[in-house]
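Input: a single structure, listed below in structure tokens.
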Amino acid sequence: MPDAEQTLLAFDYGLKKIGVALGNTLTNQARPLCVLTPSTREQRFAQVRALLAEWQPDLVVVGLPLTLDGEEQPASRQSRRFAHQIEGRFRVRVVLVDERGSSLEAQQILGTHAPDDAVAAAVILQRYLERH
């Protein structure tokens, strides 16, 4: 018997902008939600806290930026740290998903070279949904 419907929130983490997407396991669809542009660490986690309170996700997905060869890079460590902070601060389950190519895919969806970080987050979340 399949699991009960779950709500998922995804983050495409960046130092200046964080794309956010929402999805659920009933429709198996992800959609862009918003882009956070916090200027301080405190603002970042206040905005994350507000989203978690509003949507009450069963799972949080964070994009993991890897090199084309699948290797870790400085941005990988930053995303891992962000994921661990969400897990520790808010006691929600977090999984990391390879985000290679998500910005390019978002550009193709939007038909522009300036990707919306929320669309990239939706691409990452859709990948998770399709694999689970």
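By order of appearance in the structure tokens: chains A, B, ..., then residues from 1 within every chain, and ligands from 1 in the order shown.
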For the structure I just gave you, how does DSSP split region 35-98 of chain A - specifically, which residues are strand (DSSP E or B)? Reply as a PDB file with C-alpha atoms, in the first residue's frame.
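For reference, out.pdb as written:
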```pdb
ATOM      1  CA  VAL A  35      12.687  33.273  -4.258  1.00  0.00           C
ATOM      2  CA  LEU A  36      14.156  34.292  -0.919  1.00  0.00           C
ATOM      3  CA  LEU A  59      10.234  16.331   3.773  1.00  0.00           C
ATOM      4  CA  VAL A  60      12.604  19.078   2.656  1.00  0.00           C
ATOM      5  CA  VAL A  61      14.737  18.650  -0.459  1.00  0.00           C
ATOM      6  CA  VAL A  62      17.915  20.703  -0.911  1.00  0.00           C
ATOM      7  CA  GLY A  63      19.765  20.828  -4.213  1.00  0.00           C
ATOM      8  CA  LEU A  64      23.356  19.600  -4.087  1.00  0.00           C
ATOM      9  CA  VAL A  94      16.047  16.755   4.732  1.00  0.00           C
ATOM     10  CA  VAL A  95      17.439  14.989   1.672  1.00  0.00           C
ATOM     11  CA  LEU A  96      20.017  16.264  -0.783  1.00  0.00           C
ATOM     12  CA  VAL A  97      19.378  15.862  -4.518  1.00  0.00           C
ATOM     13  CA  ASP A  98      21.946  16.260  -7.299  1.00  0.00           C
TER      14      ASP A  98
END
```
Taking into account only C-alpha atoms, which residue in the set A:His84, A:Gln6, A:Phe11, A:Thr25 is nearest to Glu130 (chain A)?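 For Glu130 (chain A), the nearest of the candidates is A:Thr25.
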Among listed residues A:Leu68, A:Val48, A:Ile109, A:Leu129, nearest Tyr13 (chain A) (using only C-alpha atoms):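 Of the candidates, the smallest distance to Tyr13 (chain A) is held by A:Val48.
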Rank nothing, just name the residue among A:Val92, A:Ile86, A:Leu104, A:Ala21 nearest to Ala46 (chain A), using only C-alpha atoms. A:Ile86
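Residue nearest Gln126 (chain A) within the list A:Gln29, A:Arg93, A:Asp12, A:Asp69: A:Gln29 [criterion: smallest interatomic distance, only C-alpha atoms].
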Please, what distance in Å, to one decimal, runs between CA of Glu87 (chain A) and CA of Glu105 (chain A)?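 These two atoms are separated by 27.6 Å.
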Go through chain A and collect every residue that DSSP, computed from the backbone, puts in alpha helix (DSSP H); the answer should be as an MDAnalysis selection string. chainID A and resid 41:55 74:90 102:110 117:131
Which residue out of A:Lys16, A:Arg80, A:Arg100, A:Arg127 has the minimum interatomic distance to Thr67 (chain A) when only C-alpha atoms are used? A:Arg100
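Taking only C-alpha atoms into account, Gln85 (chain A) lies nearest to A:Arg49 out of the set A:Gln107, A:Thr7, A:Arg49, A:Thr37.
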Shell around Val123 (chain A) at 9 Å using only C-alpha atoms, local window under 2 positions removed, as a list in words: Ala21, Ala30, Arg31, Pro32, Glu99, Ser102, Ser103, Glu105, Ala106, Ala118, Val119, Ala120, Ala121, Leu125, Gln126, Arg127 and Tyr128 of chain A
